[in-house]
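Enquirer: The file below is model-v1.cif, mmCIF, C-alpha atoms and all ligand atoms:
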```cif
data_my_file
#
loop_
_atom_site.label_atom_id
_atom_site.label_comp_id
_atom_site.auth_asym_id
_atom_site.auth_seq_id
_atom_site.Cartn_x
_atom_site.Cartn_y
_atom_site.Cartn_z
CA MET W 1 8.46 11.85 -1.01
CA ARG W 2 10.25 8.98 0.74
CA ARG W 3 8.58 8.61 4.08
CA LYS W 4 8.37 5.93 6.72
CA ILE W 5 4.83 4.61 6.48
CA VAL W 6 2.82 2.01 8.36
CA ALA W 7 -0.53 1.36 6.67
CA GLY W 8 -3.35 -0.88 7.84
CA ASN W 9 -5.55 -2.49 5.20
CA TRP W 10 -8.73 -3.60 6.94
CA LYS W 11 -9.97 -5.40 3.81
CA MET W 12 -13.65 -6.41 4.27
CA ASN W 13 -13.62 -6.25 8.05
CA LYS W 14 -15.17 -4.10 10.83
CA THR W 15 -18.56 -2.52 11.18
CA LEU W 16 -18.56 1.25 11.62
CA SER W 17 -18.70 1.10 15.42
CA GLN W 18 -16.01 -1.61 15.54
CA GLY W 19 -13.85 0.55 13.27
CA HIS W 20 -14.31 3.59 15.50
CA ILE W 21 -13.28 1.62 18.57
CA LEU W 22 -10.23 0.24 16.76
CA VAL W 23 -9.15 3.73 15.66
CA ASP W 24 -9.65 5.18 19.16
CA GLU W 25 -7.52 2.40 20.63
CA ILE W 26 -4.77 2.88 18.01
CA LEU W 27 -4.72 6.62 18.72
CA SER W 28 -4.40 6.01 22.44
CA LEU W 29 -1.56 3.51 21.97
CA THR W 30 0.60 5.64 19.64
CA ASN W 31 2.40 8.91 20.21
CA VAL W 32 1.99 11.86 17.91
CA SER W 33 4.99 11.56 15.62
CA THR W 34 5.28 13.00 12.16
CA ASP W 35 8.36 10.84 11.64
CA ILE W 36 6.12 7.94 10.62
CA LEU W 37 2.97 8.41 8.57
CA LYS W 38 0.21 6.07 9.67
CA ILE W 39 -2.46 5.23 7.07
CA ILE W 40 -5.77 3.50 7.77
CA ALA W 41 -7.60 1.86 4.86
CA PRO W 42 -11.14 1.03 5.98
CA PRO W 43 -13.95 -0.15 3.68
CA PHE W 44 -15.39 2.57 1.40
CA ILE W 45 -18.48 3.06 3.54
CA HIS W 46 -16.40 4.12 6.57
CA LEU W 47 -14.01 6.49 4.78
CA ALA W 48 -15.67 9.80 5.63
CA SER W 49 -16.33 8.87 9.22
CA VAL W 50 -12.82 7.53 9.90
CA SER W 51 -11.30 10.57 8.15
CA GLU W 52 -13.29 12.79 10.50
CA GLN W 53 -12.21 10.73 13.51
CA LEU W 54 -8.53 11.10 12.56
CA SER W 55 -8.71 14.76 11.58
CA SER W 56 -6.94 15.98 14.73
CA ARG W 57 -3.85 13.81 14.10
CA THR W 58 -1.62 15.10 11.30
CA ASP W 59 0.47 11.92 11.47
CA PHE W 60 -2.51 9.82 10.33
CA ALA W 61 -4.20 9.65 6.92
CA VAL W 62 -6.91 7.58 5.33
CA ALA W 63 -6.81 5.42 2.19
CA ALA W 64 -9.47 3.68 0.14
CA GLN W 65 -8.83 0.06 -0.81
CA ASP W 66 -9.65 0.54 -4.50
CA CYS W 67 -11.24 3.00 -6.92
CA HIS W 68 -13.03 2.74 -10.24
CA HIS W 69 -11.08 3.63 -13.38
CA ILE W 70 -13.71 6.12 -14.65
CA ASN W 71 -14.69 9.29 -12.83
CA SER W 72 -18.50 9.05 -12.91
CA GLY W 73 -21.39 7.48 -14.76
CA ALA W 74 -23.70 4.48 -14.92
CA TYR W 75 -21.55 1.99 -13.02
CA THR W 76 -23.85 0.63 -10.34
CA GLY W 77 -22.08 -0.24 -7.12
CA GLU W 78 -18.78 1.38 -8.01
CA VAL W 79 -16.91 4.15 -6.19
CA SER W 80 -14.92 6.83 -8.01
CA ALA W 81 -11.63 8.48 -7.09
CA GLU W 82 -13.43 11.82 -6.98
CA MET W 83 -15.86 10.49 -4.35
CA ILE W 84 -12.98 9.05 -2.34
CA ALA W 85 -11.14 12.38 -2.39
CA SER W 86 -14.32 14.15 -1.26
CA SER W 87 -14.50 11.83 1.78
CA GLY W 88 -11.21 13.21 3.12
CA ALA W 89 -9.03 10.26 2.07
CA LYS W 90 -5.62 11.15 0.63
CA PHE W 91 -4.50 7.73 -0.61
CA VAL W 92 -5.93 4.80 -2.52
CA ILE W 93 -4.64 1.22 -2.66
CA ILE W 94 -4.53 0.08 -6.27
CA GLY W 95 -3.73 -3.39 -7.60
CA HIS W 96 -3.95 -5.35 -4.38
CA SER W 97 -3.44 -9.03 -5.21
CA GLU W 98 -6.95 -9.80 -3.95
CA ARG W 99 -8.36 -7.37 -6.57
CA ARG W 100 -6.08 -8.86 -9.23
CA LEU W 101 -7.30 -12.35 -8.28
CA TYR W 102 -10.99 -11.97 -7.38
CA ALA W 103 -11.87 -9.03 -9.65
CA ALA W 104 -9.53 -10.07 -12.51
CA GLU W 105 -7.85 -6.66 -12.53
CA ASN W 106 -4.93 -6.54 -14.96
CA ASN W 107 -2.07 -4.07 -15.31
CA GLU W 108 -3.77 -2.19 -18.14
CA LEU W 109 -6.83 -1.48 -15.99
CA LEU W 110 -4.66 -0.68 -12.98
CA ALA W 111 -2.72 1.90 -14.99
CA GLN W 112 -6.04 3.65 -15.68
CA LYS W 113 -6.91 3.53 -11.96
CA VAL W 114 -3.53 5.08 -11.14
CA ASN W 115 -4.22 7.89 -13.63
CA ILE W 116 -7.68 8.68 -12.29
CA ALA W 117 -6.44 8.59 -8.69
CA LEU W 118 -3.67 11.09 -9.47
CA ALA W 119 -6.06 13.30 -11.41
CA ASN W 120 -8.11 13.54 -8.22
CA ASN W 121 -5.14 14.31 -5.99
CA LEU W 122 -5.06 10.87 -4.42
CA SER W 123 -1.68 9.18 -4.00
CA PRO W 124 -1.80 5.58 -5.21
CA ILE W 125 -0.40 2.83 -3.00
CA PHE W 126 0.37 0.49 -5.87
CA CYS W 127 0.63 -3.19 -4.91
CA ILE W 128 2.88 -5.63 -6.70
CA GLY W 129 4.18 -9.09 -5.85
CA GLU W 130 4.78 -12.53 -7.25
CA ASN W 131 2.71 -15.64 -6.54
CA SER W 132 4.19 -18.86 -5.19
CA ASP W 133 4.58 -20.44 -8.65
CA GLU W 134 6.59 -17.45 -9.85
CA ARG W 135 8.73 -17.51 -6.70
CA ASN W 136 9.35 -21.27 -7.03
CA ALA W 137 10.25 -20.89 -10.71
CA ASN W 138 12.65 -18.08 -9.72
CA ILE W 139 10.92 -15.60 -12.03
CA HIS W 140 9.66 -13.36 -9.21
CA LEU W 141 11.81 -10.39 -10.22
CA GLU W 142 10.50 -10.50 -13.80
CA ALA W 143 6.93 -10.71 -12.45
CA VAL W 144 7.45 -7.65 -10.28
CA ARG W 145 9.20 -5.77 -13.09
CA THR W 146 6.25 -6.36 -15.45
CA GLN W 147 3.78 -5.08 -12.83
CA ILE W 148 5.61 -1.80 -12.23
CA LYS W 149 6.41 -1.30 -15.89
CA GLU W 150 2.84 -1.84 -17.11
CA GLY W 151 1.11 -0.25 -14.12
CA LEU W 152 3.31 2.77 -13.40
CA PHE W 153 6.07 3.50 -15.89
CA HIS W 154 3.79 5.48 -18.21
CA LEU W 155 3.70 8.23 -15.54
CA SER W 156 5.56 11.50 -15.78
CA PRO W 157 8.37 11.89 -13.21
CA ALA W 158 6.23 14.41 -11.28
CA ASP W 159 3.31 11.97 -11.06
CA PHE W 160 5.51 8.97 -10.27
CA ASN W 161 6.86 10.95 -7.31
CA LYS W 162 3.38 10.81 -5.72
CA VAL W 163 3.18 7.00 -5.85
CA ILE W 164 3.90 4.63 -2.97
CA ILE W 165 4.74 1.05 -3.85
CA ALA W 166 3.78 -1.93 -1.70
CA TYR W 167 5.65 -5.16 -2.37
CA GLU W 168 3.35 -7.94 -1.21
CA PRO W 169 4.44 -11.43 -2.24
CA VAL W 170 1.12 -13.25 -2.71
CA TRP W 171 2.41 -16.38 -0.96
CA ALA W 172 3.00 -14.32 2.19
CA ILE W 173 -0.44 -12.66 2.41
CA GLY W 174 -2.53 -14.03 5.25
CA THR W 175 -0.47 -17.22 5.35
CA GLY W 176 1.88 -16.56 8.26
CA LEU W 177 4.75 -17.13 5.78
CA THR W 178 6.57 -13.79 5.95
CA ALA W 179 9.32 -13.12 3.43
CA THR W 180 12.63 -13.09 5.27
CA SER W 181 14.16 -9.65 5.60
CA HIS W 182 16.84 -10.85 3.16
CA GLN W 183 14.22 -11.88 0.56
CA ALA W 184 12.20 -8.69 1.02
CA GLN W 185 15.23 -6.38 0.93
CA GLY W 186 16.41 -8.13 -2.26
CA VAL W 187 13.15 -7.43 -4.08
CA HIS W 188 12.84 -3.88 -2.69
CA ASN W 189 16.36 -3.12 -3.89
CA PHE W 190 15.47 -4.56 -7.31
CA ILE W 191 12.36 -2.36 -7.49
CA ARG W 192 14.35 0.75 -6.53
CA THR W 193 16.97 -0.09 -9.15
CA GLU W 194 14.26 -0.43 -11.83
CA ILE W 195 12.86 2.96 -10.81
CA ASN W 196 16.36 4.43 -10.94
CA LYS W 197 16.82 3.09 -14.49
CA LYS W 198 13.52 4.64 -15.59
CA TYR W 199 13.36 7.90 -13.61
CA GLY W 200 16.86 8.46 -12.19
CA LYS W 201 18.43 8.38 -8.76
CA GLU W 202 16.59 11.24 -7.08
CA ILE W 203 13.13 9.87 -7.83
CA SER W 204 14.12 6.30 -6.97
CA GLU W 205 15.54 7.43 -3.63
CA ASN W 206 12.36 9.42 -2.94
CA CYS W 207 9.99 6.49 -3.47
CA SER W 208 8.56 4.81 -0.37
CA ILE W 209 8.44 1.04 -0.87
CA LEU W 210 6.41 -0.81 1.76
CA TYR W 211 6.48 -4.52 2.57
CA GLY W 212 3.26 -6.47 3.06
CA GLY W 213 2.54 -10.12 3.82
CA SER W 214 2.16 -11.59 7.33
CA CYS W 215 3.96 -8.61 8.82
CA ASN W 216 3.42 -8.56 12.58
CA ALA W 217 4.75 -7.14 15.82
CA SER W 218 7.50 -9.79 16.01
CA ASN W 219 8.97 -9.41 12.52
CA ALA W 220 8.27 -5.74 11.70
CA LYS W 221 11.34 -4.29 13.37
CA GLU W 222 13.76 -6.47 11.40
CA LEU W 223 11.94 -5.90 8.11
CA PHE W 224 11.71 -2.14 8.61
CA SER W 225 15.42 -1.92 9.45
CA CYS W 226 16.32 -2.94 5.87
CA ILE W 227 17.69 -0.07 3.83
CA ASP W 228 15.13 -0.28 1.00
CA ILE W 229 12.08 -1.08 3.16
CA ASP W 230 10.22 2.08 4.15
CA GLY W 231 7.48 0.54 6.26
CA GLY W 232 4.63 -1.90 5.87
CA LEU W 233 1.17 -2.54 4.48
CA ILE W 234 -0.42 -4.61 7.20
CA GLY W 235 -3.51 -6.80 6.84
CA GLY W 236 -4.54 -9.12 9.68
CA ALA W 237 -2.41 -7.43 12.35
CA SER W 238 -3.97 -4.04 11.56
CA LEU W 239 -7.33 -5.31 12.86
CA LYS W 240 -6.06 -5.57 16.45
CA SER W 241 -5.13 -2.28 18.06
CA ALA W 242 -2.36 -3.71 20.27
CA ASP W 243 -0.71 -5.50 17.34
CA PHE W 244 -0.96 -2.55 14.95
CA ALA W 245 0.31 -0.11 17.58
CA ALA W 246 3.18 -2.46 18.42
CA ILE W 247 4.18 -2.53 14.75
CA ILE W 248 4.10 1.28 14.59
CA ASN W 249 5.96 1.63 17.87
CA SER W 250 8.65 -0.87 16.84
CA TYR W 251 9.66 1.31 13.88
P1 LIG W 301 -1.61 -9.88 5.95
O1 LIG W 301 -0.82 -8.90 6.78
O2 LIG W 301 -2.86 -10.37 6.62
O3 LIG W 301 -0.75 -11.00 5.44
O4 LIG W 301 -2.13 -9.08 4.66
C1 LIG W 301 -1.23 -8.27 3.96
C2 LIG W 301 -2.01 -7.50 2.98
O5 LIG W 301 -2.59 -8.04 2.06
C3 LIG W 301 -2.08 -6.04 3.18
O6 LIG W 301 -2.61 -5.40 2.07
#
```
Please go through the file and, once you have read it, give me the structure as structure tokens.

Expert:
Amino acid sequence: MRRKIVAGNWKMNKTLSQGHILVDEILSLTNVSTDILKIIAPPFIHLASVSEQLSSRTDFAVAAQDCHHINSGAYTGEVSAEMIASSGAKFVIIGHSERRLYAAENNELLAQKVNIALANNLSPIFCIGENSDERNANIHLEAVRTQIKEGLFHLSPADFNKVIIAYEPVWAIGTGLTATSHQAQGVHNFIRTEINKKYGKEISENCSILYGGSCNASNAKELFSCIDIDGGLIGGASLKSADFAAIINSY
């Protein structure tokens, strides 16, 4: 369902007690509003505890930052979608550019992760986005098209309806170089058009497409006002309660 969403990806940051303090502060700085879904993506080890902490707020949900592509077995150190679902999380980030880069995850593997997430009633937040070389060579739209086609377009319409997309241009992540609202809206509109071609108007209009990449309290309002931008996936600014709350409250 197309919803306004502000999600915070903590990446590999925060001890458990630091995470609890951050969540308490965010809760105190934001009003209960089901208009905007707020998602917190802490490290795996904090999922159950943060889910419990947020259980009284129906406008908040928890996401994992990744999942394994197989449900169980001899995979030392890995975490399955089934385990994530049992922690209380409802979402899982799949295909973040840092996983694509540092863990060499390709679209074929990510498609399997999407399948296993859906089979365990987790909604994937599927990340796509071009790198700076692709942007400079003006092939960013093709890059993004390949990622959604190979990662998501095998899904049935009913399953695709459960997916959230996050457009995160790699050159904008953690760099302070935000895409302009014009650049971001252009790619979001392209993504929605591709979904329309594959699944039709109703499903494309239902799909929440989030922007990520140096999104902060000063630029969020303009980005979120674009017609095809349905919120943000926030990294650095989600680690500071005042900044994350300001982004939520600016929407
Ligand atoms: P920054 O907001 O730190 O650029 O990170 C974005 C991101 O990667 C969220 O998943």

Enquirer: So which residues touch Gln183 in chain W within 12 Å, counting all atoms listed in the file, skipping near sequence neighbours fewer than 4 positions away, as a list in words?

Expert: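 Near neighbours after the sequence-gap exclusion: Arg135, His140, Leu141, Tyr167, Glu168, Pro169, Ala172, Thr178, Ala179, Val187, His188, Asn189, Phe190, Tyr211, Leu223, Cys226, Asp228 and Ile229 of chain W.
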
Enquirer: Build an axis-aligned box that encloses every atom of ligand LIG 301 (chain W) listed in the file, pad it by 3 Å on each side, and report its centre and edge lengths in Å to one decimal, as lines of an AutoDock Vina configuration file.

Expert:
```
center_x = -1.8
center_y = -8.2
center_z = 4.4
size_x = 8.1
size_y = 11.6
size_z = 10.7
```

Enquirer: Mind listing the residues within 9 Å of ligand LIG 301 (chain W), all atoms listed in the file counted, as an MDAnalysis selection string?

Expert: chainID W and resid 7:11 65 93 96:98 127 166 168:178 211:216 232:238

Enquirer: Which neighbours of Ile165 in chain W fall inside 12 Å, counting all atoms listed in the file, when residues of the same chain fewer than 2 positions from it are skipped, and could you give them as a VMD selection string?

Expert: chain W and resid 1 to 3 5 7 91 to 96 114 123 to 129 144 147 to 148 151 to 152 160 to 163 167 to 168 187 to 188 191 to 192 195 204 206 to 212 228 to 233

Enquirer: Taking 5 positions as the minimum chain separation for residues in the same chain, which residues sit within 9 Å of range 118-120 of chain W when counting all atoms listed in the file? Answer as a ChimeraX atom specification.

Expert: /W:81-82,84-85,113,159,162-163

Enquirer: Out of W:Ile116, W:Leu29, W:Met12, W:Ala220, which residue has the shortest atom-to-atom distance to Ser80 in chain W when counting only C-alpha atoms?

Expert: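 Between W:Ile116, W:Leu29, W:Met12, W:Ala220, the residue approaching Ser80 in chain W most closely is W:Ile116.
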
Enquirer: Taking only C-alpha atoms into account, which of W:Tyr251, W:Thr193, W:Ala63, W:Asn131 comes nearest His46 in chain W?

Expert: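 Closest to His46 in chain W of all the choices is W:Ala63.
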
Enquirer: Can you work out which one of W:Asp24, W:Glu194, W:Glu108, W:Glu205 has the shortest atom-to-atom distance to Ser56 in chain W, counting all atoms listed in the file?

Expert: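 Of all the options, W:Asp24 lies closest to Ser56 in chain W.
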
Enquirer: For a test of reading the model, state the distance in Å between CA of Ala184 in chain W and CA of Leu109 in chain W, rounded to one decimal.

Expert: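 Computing the Euclidean distance for CA of Ala184 in chain W and CA of Leu109 in chain W yields 26.5 Å.
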
Enquirer: Which residues come within 9 Å of Ser250 in chain W, counting all atoms listed in the file, excluding same-chain residues fewer than 6 positions away, as a list in words?

Expert: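 With the cut-off at 9 Å, the set is Ala217, Ala220, Lys221 and Phe224 of chain W.
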
Enquirer: Identify, on the basis of all atoms listed in the file, every residue whose closest approach to Val32 in chain W does not exceed 12 Å; exclude the query and any residue fewer than 6 positions from it along the same chain; express the result as a list in words.

Expert: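 Those residues are Ile26, Lys38, Leu54, Ser56, Arg57, Thr58, Asp59, Phe60, Ile248 and Asn249 of chain W.
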
Enquirer: Provide the CA of Gly77 in chain W to CA of Pro43 in chain W distance in Å, to one decimal place.

Expert: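 We find that CA of Gly77 in chain W and CA of Pro43 in chain W lie 13.5 Å from each other.
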
Enquirer: Just to confirm, what's the straight-line distance from CA of Val50 in chain W to CA of Ala246 in chain W in Å (one decimal)?

Expert: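 Rounded to one decimal, the two atoms are 20.7 Å apart.
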
Enquirer: Restricting the calculation to all atoms listed in the file: of W:His20, W:Val62, W:Glu222, W:His68, which residue gets closest to Leu37 in chain W?

Expert: W:Val62
